[in-house]
$ cat model_12.txt   # compact mmCIF, C-alpha atoms
# COMPACT_ATOMS: atom_id res chain seq x y z
CA MET H 6 0.00 0.00 0.00
CA GLY H 7 1.40 3.39 -0.97
CA ILE H 8 2.14 6.35 1.25
CA ASN H 9 -0.45 9.12 0.97
CA VAL H 10 1.29 12.51 1.17
CA LEU H 11 -0.31 15.93 1.61
CA ILE H 12 1.86 18.99 0.95
CA ALA H 13 0.94 22.21 2.73
CA ASP H 14 3.28 25.11 1.95
CA GLN H 15 2.84 28.88 1.75
CA GLU H 16 4.60 28.83 -1.64
CA ARG H 17 2.10 27.30 -4.06
CA THR H 18 4.69 26.86 -6.81
CA PHE H 19 7.01 24.94 -4.48
CA ALA H 20 4.16 22.70 -3.31
CA ALA H 21 3.07 21.92 -6.87
CA ALA H 22 6.62 21.16 -8.05
CA LEU H 23 7.27 18.88 -5.08
CA ALA H 24 3.96 17.10 -5.64
CA THR H 25 4.96 16.32 -9.22
CA ARG H 26 8.26 14.80 -8.10
CA LEU H 27 6.69 12.70 -5.33
CA ASP H 28 3.98 11.40 -7.64
CA ASP H 29 6.71 9.82 -9.75
CA GLU H 30 7.51 7.43 -6.88
CA ASP H 31 5.83 4.03 -7.14
CA ASP H 32 5.13 3.81 -3.40
CA MET H 33 3.76 7.35 -2.94
CA GLY H 34 0.68 9.26 -3.92
CA VAL H 35 0.06 12.99 -3.35
CA THR H 36 -3.48 13.63 -2.10
CA GLY H 37 -3.09 17.41 -2.35
CA ALA H 38 -0.70 20.33 -2.71
CA ILE H 39 -2.20 23.32 -0.94
CA GLN H 40 -1.25 26.58 0.72
CA ALA H 41 -0.46 25.91 4.35
CA GLU H 42 -2.89 28.54 5.61
CA ALA H 43 -5.74 26.43 4.19
CA LEU H 44 -4.80 23.37 6.22
CA SER H 45 -7.42 22.31 8.75
CA SER H 46 -8.80 19.18 10.36
CA SER H 47 -11.78 19.19 8.02
CA LEU H 48 -9.48 19.37 4.99
CA ILE H 49 -7.40 16.48 6.28
CA ALA H 50 -10.59 14.46 6.73
CA GLY H 51 -11.40 15.07 3.08
CA LYS H 52 -7.86 14.37 1.87
CA PRO H 53 -6.53 11.41 3.89
CA ALA H 54 -2.77 11.51 4.33
CA GLY H 55 -0.34 9.28 6.13
CA VAL H 56 2.34 11.97 5.94
CA VAL H 57 1.89 15.75 5.85
CA LEU H 58 4.74 17.92 4.59
CA LEU H 59 4.11 21.16 6.46
CA ASP H 60 5.80 24.50 5.87
CA GLY H 61 7.73 25.21 9.06
CA ASP H 62 8.41 28.82 8.04
CA LEU H 63 4.87 30.12 8.51
CA PRO H 64 4.65 33.40 10.46
CA GLY H 65 4.81 33.17 14.24
CA ASP H 66 3.82 29.80 15.70
CA ALA H 67 1.31 28.99 12.97
CA ALA H 68 3.15 25.84 11.84
CA ASN H 69 3.38 24.49 15.39
CA HIS H 70 -0.31 25.18 16.01
CA LEU H 71 -1.23 23.28 12.84
CA CYS H 72 1.10 20.44 13.75
CA GLU H 73 -0.45 20.15 17.21
CA LYS H 74 -3.91 19.85 15.67
CA LEU H 75 -2.75 17.17 13.27
CA PHE H 76 -1.11 15.22 16.09
CA GLY H 77 -4.58 14.29 17.32
CA ASP H 78 -4.97 12.02 14.30
CA GLU H 79 -2.76 9.00 15.02
CA SER H 80 -2.82 7.96 11.35
CA THR H 81 -1.13 11.21 10.25
CA ARG H 82 2.54 12.09 10.79
CA VAL H 83 4.01 15.54 10.17
CA ILE H 84 7.31 16.44 8.52
CA MET H 85 8.28 20.09 8.93
CA LEU H 86 10.00 21.67 5.91
CA SER H 87 12.05 24.80 6.55
CA PHE H 88 14.96 26.87 5.30
CA SER H 89 16.18 26.96 8.91
CA SER H 90 17.75 24.28 11.08
CA GLU H 91 17.83 26.16 14.40
CA PRO H 92 17.77 23.57 17.23
CA GLU H 93 15.34 25.65 19.30
CA ARG H 94 12.79 25.68 16.48
CA ILE H 95 13.21 21.97 15.88
CA VAL H 96 12.64 21.20 19.56
CA LYS H 97 9.44 23.25 19.59
CA ALA H 98 8.17 21.35 16.55
CA PHE H 99 8.88 17.96 18.10
CA ARG H 100 7.18 18.99 21.31
CA VAL H 101 3.93 19.59 19.43
CA GLY H 102 4.11 16.28 17.58
CA ALA H 103 6.32 16.66 14.50
CA ALA H 104 7.95 13.41 13.40
CA ALA H 105 10.74 14.99 11.36
CA TRP H 106 12.42 18.25 10.39
CA VAL H 107 13.90 18.60 6.91
CA CYS H 108 15.69 21.61 5.47
CA LYS H 109 14.27 22.72 2.13
CA ASP H 110 17.72 22.72 0.54
CA GLU H 111 18.16 18.98 1.19
CA SER H 112 18.15 16.65 -1.82
CA LEU H 113 14.98 14.95 -3.05
CA ASP H 114 16.56 11.56 -2.30
CA TYR H 115 17.02 12.56 1.33
CA LEU H 116 13.42 13.79 1.61
CA LEU H 117 12.16 10.53 0.12
CA ARG H 118 14.12 8.55 2.74
CA VAL H 119 12.62 10.68 5.49
CA ILE H 120 9.07 10.27 4.17
CA ARG H 121 9.45 6.50 4.00
CA GLY H 122 11.05 6.40 7.44
CA VAL H 123 8.36 8.55 9.03
CA ALA H 124 5.68 6.38 7.42
CA ARG H 125 7.29 3.41 9.21
CA GLY H 126 7.07 5.22 12.54
CA GLU H 127 10.58 6.70 12.67
CA SER H 128 11.64 10.20 13.76
CA TRP H 129 14.22 12.18 11.76
CA LEU H 130 16.41 15.13 12.65
CA PRO H 131 18.89 17.11 10.53
CA PRO H 132 22.14 15.13 11.10
CA SER H 133 24.16 18.26 11.81
CA GLU H 134 21.75 19.37 14.56
CA THR H 135 20.97 16.06 16.26
CA ALA H 136 23.33 16.53 19.21
CA ASP H 137 22.14 20.07 19.97
CA VAL H 138 18.47 19.09 19.69
CA VAL H 139 18.88 16.12 22.04
CA GLN H 140 20.72 18.32 24.54
CA LEU H 141 17.89 20.86 24.49
CA LEU H 142 15.33 18.11 25.02
CA LEU H 143 17.37 16.69 27.89
CA ARG H 144 17.62 20.16 29.43
CA GLY H 145 13.87 20.43 29.18
CA GLY H 146 13.59 17.28 31.29
CA GLU H 147 15.43 19.09 34.11
CA ARG H 148 16.59 17.00 37.07
CA HIS H 149 17.09 13.29 37.67
CA SER H 150 14.32 13.37 40.29
CA GLU H 151 11.87 14.56 37.65
CA SER H 152 12.82 11.64 35.42
CA GLU H 153 12.26 9.25 38.31
CA ARG H 154 8.84 10.74 38.96
CA LEU H 155 7.85 10.42 35.32
CA LEU H 156 9.05 6.83 35.06
CA ALA H 157 6.99 5.89 38.09
CA LYS H 158 3.85 6.64 36.07
CA LEU H 159 4.61 3.94 33.50
CA THR H 160 3.68 0.27 33.58
CA ALA H 161 6.45 -2.30 33.27
CA ARG H 162 5.51 -2.95 29.64
CA GLU H 163 5.51 0.77 28.81
CA ARG H 164 8.96 1.07 30.38
CA ALA H 165 10.16 -1.87 28.29
CA VAL H 166 8.92 -0.20 25.10
CA LEU H 167 10.60 3.07 26.08
CA ALA H 168 13.83 1.27 26.97
CA CYS H 169 13.98 -0.30 23.50
CA LEU H 170 13.67 3.15 21.95
CA ALA H 171 16.23 4.66 24.32
CA GLU H 172 18.68 1.90 23.42
CA GLY H 173 18.42 2.53 19.71
CA ALA H 174 15.38 0.75 18.29
CA ALA H 175 14.57 2.87 15.24
CA HIS H 176 10.80 2.44 15.00
CA ARG H 177 7.74 0.55 16.18
CA ASP H 178 8.41 -2.51 14.02
CA ALA H 179 11.81 -2.98 15.67
CA VAL H 180 10.34 -2.59 19.16
CA ALA H 181 7.56 -5.08 18.34
CA LYS H 182 10.06 -7.65 17.12
CA GLN H 183 12.35 -7.19 20.12
CA LEU H 184 9.52 -7.50 22.68
CA HIS H 185 7.52 -10.11 20.72
CA LEU H 186 4.49 -7.84 20.49
CA SER H 187 2.27 -6.75 17.62
CA VAL H 188 2.92 -3.34 16.04
CA HIS H 189 -0.60 -2.31 17.09
CA THR H 190 0.18 -3.16 20.73
CA VAL H 191 3.43 -1.19 20.60
CA ARG H 192 1.59 1.79 19.12
CA THR H 193 -0.96 1.63 21.96
CA HIS H 194 1.80 1.51 24.58
CA LEU H 195 3.53 4.48 22.93
CA GLN H 196 0.34 6.52 22.94
CA ASN H 197 -0.28 5.71 26.60
CA LEU H 198 3.25 6.43 27.78
CA MET H 199 3.45 9.72 25.86
CA ALA H 200 0.15 10.79 27.43
CA LYS H 201 1.45 9.94 30.91
CA LEU H 202 4.70 11.82 30.30
CA GLY H 203 2.90 14.82 28.80
CA VAL H 204 4.88 14.77 25.55
CA HIS H 205 3.95 14.70 21.88
CA SER H 206 6.84 12.75 20.36
CA VAL H 207 8.81 9.58 21.00
CA LEU H 208 12.06 11.55 20.83
CA GLU H 209 10.92 13.82 23.65
CA ALA H 210 9.79 10.83 25.73
CA VAL H 211 13.25 9.28 25.41
CA ALA H 212 14.95 12.59 26.24
CA LEU H 213 12.78 13.24 29.30
CA THR H 214 13.59 9.86 30.77
CA ARG H 215 17.22 9.55 29.63
CA ASP H 216 18.56 10.08 33.15
CA GLY H 217 16.47 7.22 34.44
CA VAL H 218 17.01 4.71 31.65
CA GLY H 219 18.66 2.29 34.07
CA ARG H 220 15.34 1.97 35.86
CA LEU H 221 13.41 1.18 32.70
CA HIS H 222 14.36 -2.47 33.17
CA GLY H 223 13.59 -2.42 36.86
CA ASP H 224 10.52 -4.68 36.58
CA ASP H 225 10.03 -8.02 34.89
CA GLY H 226 8.09 -6.54 31.99
CA THR H 227 5.03 -8.74 32.52
CA SER H 228 2.51 -5.93 32.96
CA SER H 229 0.56 -4.82 29.93

$ encode --input "model_12.txt" --output "structure tokens"
Amino acid sequence: MGINVLIADQERTFAAALATRLDDEDDMGVTGAIQAEALSSSLIAGKPAGVVLLDGDLPGDAANHLCEKLFGDESTRVIMLSFSSEPERIVKAFRVGAAAWVCKDESLDYLLRVIRGVARGESWLPPSETADVVQLLLRGGERHSESERLLAKLTARERAVLACLAEGAAHRDAVAKQLHLSVHTVRTHLQNLMAKLGVHSVLEAVALTRDGVGRLHGDDGTSS
């Protein structure tokens, strides 16, 4: 089954040109190429998309507000496109649910890899900014005691899922295979643990609990 992609960018010409290129891919189909300001939940309902390419350079916090609305639909994942790669902006986007941040001057091949990865449940950061972004997310988690408090909210199975991600499992399929669970069950655990931790992305969940990763294996993992 192909990946349905919706492009929402303030530059109509850019959106149309990108749509043409993506439509050439056998495993992708563009459901729409629209101006970002027109993006809304009702539009998404009419144009189903597994991945939304959203203009991250909209004025003010408009892009983040749109991303946060889209995050409520678990079948849709958002990739922010921007001419900037400022770590602070990337962190804000991930905190409202973005799955990836891609600079607009990256190659088409790179963007295609990100789209396919995000569709599989992965998160992507600009390679040159990964360290700074993770540090900012860790700083946002504050003290070790806060990490301990957050971990205490999770069931043993949720901690096991989070531990797999913290130790390098790239996406839900890998976690499911490692823990002998279905992908649907892993997705449910991820949704529950992110709600308990008050975060909108897997990357932020890992960062918030990084100081307490040793405790993620503290139980036998039999709870569900």

$ closest_atom_pairs --input "model_12.txt" --of "range 34-145 of chain H" --to "range 177-186 of chain H" --cutoff "8 Å" --atoms "all atoms listed in the file" --output "tab-separated table"
residue	atom	partner	partner_atom	distance
H:Arg125	CA	H:Arg177	CA	7.5
H:Gly126	CA	H:Arg177	CA	6.0
H:Glu127	CA	H:Arg177	CA	7.6

$ closest_residue --input "model_12.txt" --among "H:Leu59, H:Leu141, H:Val188, H:Ala157" --to "Glu91 in chain H" --atoms "only C-alpha atoms"
H:Leu141

$ closest_residue --input "model_12.txt" --among "H:Ala165, H:Leu11, H:Ala68, H:Ala24" --to "Thr81 in chain H" --atoms "only C-alpha atoms"
H:Leu11

$ atom_distance --input "model_12.txt" --atom1 "CA of Ala212 in chain H" --atom2 "CA of Ala124 in chain H"
21.9 Å

$ atom_distance --input "model_12.txt" --atom1 "CA of Val123 in chain H" --atom2 "CA of Ala161 in chain H"
26.6 Å

$ closest_residue --input "model_12.txt" --among "H:Ala104, H:Ala22, H:Ala38, H:Leu170" --to "Ser206 in chain H" --atoms "only C-alpha atoms"
H:Ala104

$ residues_around --input "model_12.txt" --residues "range 105-114 of chain H" --least-positions-apart "5" --cutoff "10 Å" --atoms "all atoms listed in the file" --output "MDAnalysis selection string"
chainID H and resid 23 26:27 58:61 82:90 94:96 98:99 119:120 122:123 127:132

$ closest_residue --input "model_12.txt" --among "H:Leu208, H:Met199, H:Leu167, H:Lys97" --to "Thr135 in chain H" --atoms "all atoms listed in the file"
H:Leu208
